[in-house]
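Notes follow the structure.
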Amino acid sequence: MTEQTTRDVIDLSAPADGQAASPAVPADGTGAIPADELARITDAVVEALKTVYDPEIPVDIYELGLIYKVDLEDDRTLKVQMSLTAPGCPVAGEMPGWVQDAVEKVDGVDKALVDLTFEPPWTPDRMSDEARLALNMF
C-alpha cells in the first residue's frame with residue numbers, strides 16, 4: 001500500500017470565462033503552504049514566467065501558452081511542464097534553463113525543475129488574446 005501526499009498546485013490554465021485562475025489547495029484547506037502565501041507565489045511565478053521570451057517571437061512564453069502545468073510541492077520545489085512552438089526550435093536546449101532561472105528567483109520557491117514536453121503539441125490555440133493581438137493574429 002502506498003502513502004498518498006497532498007500537494008499545493010498552481011493551475012495556470014485560464015478558465016473559459018477569461019477570469020484569472022486561482023491556486024488549487026487541498027479540499028480541507030490544509031497544506032504545507034498557507035493559501036495566502038500560495039496566492040502570492042502564484043502571482044510571482046506568473047510574473048517570472050512573463051520575463052522569458054522566445055527570441056524569435058515578441059511575446060512571452062506565458063502568453064504564448066507554452067506553460068502547460070506548474071506544481072508547487074510541499075518542499076517548495078516548483079515543477080514546470082512546458083512546450084515549445086516546434087520541436088526543432090533553435091532554443092530548445094536553452095529555454096528550459098531560462099525558465100528555471102526565472103522561477104527560482106521567486107521568494108518561496110527553493111528549487112525548480114522544468115520538464116519539456118511535446119504532448120500535446122503546442123498550437124496557436126493556446127495563445128492568449130494578448131499574444132494574438134501582439135502578433136496580429138486576429
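Lettering and numbering for the C-alpha cells are positional, with chains as A, B, ... in the shown order, residues counted from 1 in each chain, and ligands counted from 1 in the shown order.
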Using only C-alpha atoms, which protein or nucleic acid residues come within 8 Å of Arg126 of chain A? Drop anything in the same chain fewer than 2 positions from it, and give the result as a VMD selection string.
chain A and resid 64 to 66 122 to 124 128
Take the residues that were just selected and, keeping all heavy atoms, output them as a short mmCIF file (atom, residue, chain, number, x, y, z; two decimals), in the first residue's frame.
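Output contents, as saved in out.cif:
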```
data_model
loop_
_atom_site.label_atom_id
_atom_site.label_comp_id
_atom_site.auth_asym_id
_atom_site.auth_seq_id
_atom_site.Cartn_x
_atom_site.Cartn_y
_atom_site.Cartn_z
N LEU A 64 2.13 33.04 -24.76
CA LEU A 64 2.14 32.13 -25.91
C LEU A 64 1.47 30.80 -25.60
O LEU A 64 1.11 30.06 -26.50
CB LEU A 64 3.57 31.86 -26.38
CG LEU A 64 4.23 32.90 -27.27
CD1 LEU A 64 5.69 32.55 -27.51
CD2 LEU A 64 3.48 33.04 -28.58
N GLY A 65 1.31 30.50 -24.32
CA GLY A 65 0.69 29.23 -23.94
C GLY A 65 1.67 28.07 -23.92
O GLY A 65 1.28 26.91 -24.04
N LEU A 66 2.95 28.38 -23.74
CA LEU A 66 3.96 27.32 -23.71
C LEU A 66 4.06 26.65 -22.34
O LEU A 66 4.68 25.60 -22.22
CB LEU A 66 5.33 27.89 -24.10
CG LEU A 66 5.45 28.42 -25.53
CD1 LEU A 66 6.85 28.97 -25.77
CD2 LEU A 66 5.11 27.34 -26.55
N TRP A 122 2.06 21.92 -29.05
CA TRP A 122 1.61 23.31 -28.95
C TRP A 122 0.93 23.70 -30.25
O TRP A 122 1.37 23.32 -31.34
CB TRP A 122 2.79 24.24 -28.68
CG TRP A 122 2.37 25.68 -28.62
CD1 TRP A 122 1.93 26.35 -27.52
CD2 TRP A 122 2.35 26.62 -29.69
NE1 TRP A 122 1.62 27.64 -27.85
CE2 TRP A 122 1.87 27.84 -29.18
CE3 TRP A 122 2.68 26.55 -31.05
CZ2 TRP A 122 1.72 28.97 -29.97
CZ3 TRP A 122 2.52 27.67 -31.82
CH2 TRP A 122 2.06 28.88 -31.28
N THR A 123 -0.15 24.47 -30.14
CA THR A 123 -0.82 25.05 -31.31
C THR A 123 -1.13 26.51 -30.97
O THR A 123 -1.20 26.88 -29.79
CB THR A 123 -2.13 24.33 -31.66
OG1 THR A 123 -3.08 24.55 -30.61
CG2 THR A 123 -1.91 22.84 -31.89
N PRO A 124 -1.34 27.34 -31.98
CA PRO A 124 -1.68 28.75 -31.71
C PRO A 124 -2.95 28.93 -30.89
O PRO A 124 -3.15 29.99 -30.30
CB PRO A 124 -1.84 29.34 -33.11
CG PRO A 124 -0.98 28.48 -33.99
CD PRO A 124 -1.11 27.10 -33.40
N SER A 128 -2.89 33.44 -25.62
CA SER A 128 -3.87 34.35 -25.02
C SER A 128 -4.28 35.39 -26.06
O SER A 128 -3.61 35.56 -27.10
CB SER A 128 -3.27 35.06 -23.81
OG SER A 128 -2.26 35.96 -24.23
#
```
Considering only C-alpha atoms, can you say which of A:Asp125, A:Glu94, A:Glu37, A:Asp43 comes closest to Gly108 of chain A?
A:Glu37
Rank nothing, just name the residue among A:Val109, A:Ile67, A:Met127, A:Glu56 nearest to Ile33 of chain A, using only C-alpha atoms.
A:Val109
Please indicate the distance in Å from atom CA of Val114 of chain A to atom CA of Ala44 of chain A, rounded to one decimal place.
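If I compute the distance from atom CA of Val114 of chain A to atom CA of Ala44 of chain A, I get 16.8 Å.
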From the options A:Val59, A:Leu72, A:Val103, A:Leu84, which residue's atoms come nearest to Val46 of chain A, counting only C-alpha atoms?
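Answer, going by the shortest atom-to-atom distance: A:Val103.
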Could you give me, as a ChimeraX atom specification, each residue of segment 15-101 of chain A that DSSP assigns to strand (DSSP E) when run on this structure's backbone?
/A:67-72,77-82
Requested write-out: all heavy atoms of the selected residues, as a CSV table (one decimal), in the first residue's frame:
```csv
chain,number,residue,atom,x,y,z
A,67,ILE,N,3.5,27.3,-21.3
A,67,ILE,CA,3.5,26.7,-20.0
A,67,ILE,C,2.2,25.8,-19.8
A,67,ILE,O,1.1,26.3,-19.9
A,67,ILE,CB,3.5,27.8,-18.9
A,67,ILE,CG1,4.8,28.7,-19.1
A,67,ILE,CG2,3.5,27.1,-17.5
A,67,ILE,CD1,6.1,28.0,-19.0
A,68,TYR,N,2.4,24.5,-19.7
A,68,TYR,CA,1.3,23.6,-19.5
A,68,TYR,C,0.9,23.4,-18.1
A,68,TYR,O,-0.3,23.3,-17.8
A,68,TYR,CB,1.7,22.3,-20.2
A,68,TYR,CG,1.7,22.2,-21.7
A,68,TYR,CD1,1.5,23.4,-22.4
A,68,TYR,CD2,1.9,21.0,-22.4
A,68,TYR,CE1,1.6,23.3,-23.8
A,68,TYR,CE2,1.9,21.0,-23.7
A,68,TYR,CZ,1.8,22.2,-24.5
A,68,TYR,OH,1.8,22.1,-25.8
A,69,LYS,N,1.8,23.3,-17.2
A,69,LYS,CA,1.5,23.0,-15.8
A,69,LYS,C,2.6,23.5,-14.9
A,69,LYS,O,3.7,23.4,-15.2
A,69,LYS,CB,1.2,21.5,-15.6
A,69,LYS,CG,0.8,21.1,-14.3
A,69,LYS,CD,0.6,19.6,-14.2
A,69,LYS,CE,0.2,19.2,-12.8
A,69,LYS,NZ,0.0,17.7,-12.7
A,70,VAL,N,2.2,24.0,-13.7
A,70,VAL,CA,3.1,24.3,-12.7
A,70,VAL,C,2.6,23.8,-11.4
A,70,VAL,O,1.4,23.9,-11.0
A,70,VAL,CB,3.2,25.9,-12.6
A,70,VAL,CG1,4.2,26.3,-11.4
A,70,VAL,CG2,3.7,26.5,-13.9
A,71,ASP,N,3.5,23.0,-10.7
A,71,ASP,CA,3.1,22.4,-9.5
A,71,ASP,C,4.1,22.7,-8.4
A,71,ASP,O,5.3,22.5,-8.5
A,71,ASP,CB,3.1,20.8,-9.7
A,71,ASP,CG,2.7,20.0,-8.6
A,71,ASP,OD1,2.0,20.6,-7.7
A,71,ASP,OD2,2.9,18.8,-8.6
A,72,LEU,N,3.6,23.3,-7.3
A,72,LEU,CA,4.5,23.7,-6.2
A,72,LEU,C,4.3,22.6,-5.1
A,72,LEU,O,3.2,22.4,-4.5
A,72,LEU,CB,4.1,25.0,-5.6
A,72,LEU,CG,5.0,25.5,-4.5
A,72,LEU,CD1,6.4,25.7,-4.9
A,72,LEU,CD2,4.5,26.9,-3.9
A,77,THR,N,9.6,22.8,-4.0
A,77,THR,CA,10.1,22.5,-5.4
A,77,THR,C,9.0,22.9,-6.4
A,77,THR,O,7.9,22.4,-6.2
A,77,THR,CB,10.5,21.0,-5.5
A,77,THR,OG1,11.5,20.7,-4.6
A,77,THR,CG2,11.0,20.7,-6.9
A,78,LEU,N,9.3,23.7,-7.3
A,78,LEU,CA,8.4,24.1,-8.3
A,78,LEU,C,8.6,23.3,-9.6
A,78,LEU,O,9.7,23.3,-10.1
A,78,LEU,CB,8.5,25.6,-8.6
A,78,LEU,CG,7.4,26.2,-9.5
A,78,LEU,CD1,6.2,26.4,-8.7
A,78,LEU,CD2,7.9,27.5,-10.1
A,79,LYS,N,7.6,22.5,-10.0
A,79,LYS,CA,7.8,21.7,-11.2
A,79,LYS,C,7.0,22.4,-12.3
A,79,LYS,O,5.8,22.6,-12.2
A,79,LYS,CB,7.3,20.3,-10.9
A,79,LYS,CG,8.1,19.5,-9.9
A,79,LYS,CD,7.6,18.1,-9.8
A,79,LYS,CE,8.5,17.3,-8.8
A,79,LYS,NZ,8.1,15.9,-8.7
A,80,VAL,N,7.7,22.6,-13.4
A,80,VAL,CA,7.1,23.3,-14.6
A,80,VAL,C,7.1,22.3,-15.7
A,80,VAL,O,8.1,21.8,-16.1
A,80,VAL,CB,7.9,24.6,-14.9
A,80,VAL,CG1,7.3,25.3,-16.1
A,80,VAL,CG2,8.0,25.5,-13.7
A,81,GLN,N,5.9,22.2,-16.3
A,81,GLN,CA,5.8,21.4,-17.6
A,81,GLN,C,5.6,22.4,-18.7
A,81,GLN,O,4.6,23.2,-18.6
A,81,GLN,CB,4.7,20.4,-17.5
A,81,GLN,CG,4.7,19.5,-18.7
A,81,GLN,CD,3.6,18.5,-18.6
A,81,GLN,OE1,2.4,18.8,-18.3
A,81,GLN,NE2,3.9,17.2,-18.9
A,82,MET,N,6.4,22.4,-19.7
A,82,MET,CA,6.3,23.4,-20.8
A,82,MET,C,6.5,22.7,-22.1
A,82,MET,O,7.0,21.6,-22.2
A,82,MET,CB,7.2,24.5,-20.6
A,82,MET,CG,8.7,24.1,-20.7
A,82,MET,SD,9.8,25.6,-20.7
A,82,MET,CE,9.4,26.3,-22.2
```
List as number ranges by chain the protein and nucleic acid residues near Leu49 of chain A, meaning an atom at most 8 Å away when only C-alpha atoms are counted, but skip any in the same chain fewer than 3 places from it.
A: 45-46, 52, 60-62, 99, 102-103
Using only C-alpha atoms, the residue out of A:Leu116, A:Ile41, A:Asp74, A:Glu63 with shortest distance to Glu104 of chain A is A:Ile41
So, with only C-alpha atoms as the atoms that count, which of A:Glu73, A:Asp115, A:Glu47, A:Asp54 lies closest to Ala32 of chain A?
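Closest to Ala32 of chain A of all the choices is A:Glu73.
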Quick check, in Å to one decimal: how far apart do atom CA of Asp110 of chain A and atom CA of Met95 of chain A lie?
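Distance reported for this atom pair: 19.8 Å.
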Members of segment 38-123 of chain A assigned helix (DSSP H, G or I) by DSSP, as a PyMOL selection string:
chain A and resi 38-49+61-64+95-104
Please, could you write that set of residues out with C-alpha atoms as a CSV table (one decimal), in the first residue's frame?
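Contents of the output file result_30.csv:
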```csv
chain,number,residue,atom,x,y,z
A,38,LEU,CA,0.4,30.2,-2.3
A,39,ALA,CA,-1.5,33.0,-3.9
A,40,ARG,CA,1.5,35.4,-3.6
A,41,ILE,CA,3.8,32.7,-5.0
A,42,THR,CA,1.4,32.0,-7.9
A,43,ASP,CA,1.3,35.7,-8.9
A,44,ALA,CA,5.1,35.9,-8.6
A,45,VAL,CA,5.7,32.8,-10.7
A,46,VAL,CA,3.4,34.1,-13.4
A,47,GLU,CA,5.3,37.4,-13.4
A,48,ALA,CA,8.6,35.5,-13.6
A,49,LEU,CA,7.4,33.4,-16.5
A,61,ILE,CA,6.1,32.2,-23.1
A,62,TYR,CA,3.2,32.5,-20.6
A,63,GLU,CA,1.0,34.4,-23.1
A,64,LEU,CA,2.1,32.1,-25.9
A,95,MET,CA,14.7,27.8,-22.9
A,96,PRO,CA,14.1,25.3,-20.0
A,97,GLY,CA,17.1,26.7,-18.3
A,98,TRP,CA,15.8,30.3,-18.8
A,99,VAL,CA,12.5,29.2,-17.2
A,100,GLN,CA,14.3,27.5,-14.3
A,101,ASP,CA,16.4,30.6,-13.7
A,102,ALA,CA,13.4,32.9,-13.8
A,103,VAL,CA,11.2,31.0,-11.4
A,104,GLU,CA,13.9,30.1,-8.9
```
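The spacing separating atom CA of Gly31 of chain A from atom CA of Arg76 of chain A amounts to 11.7 Å.
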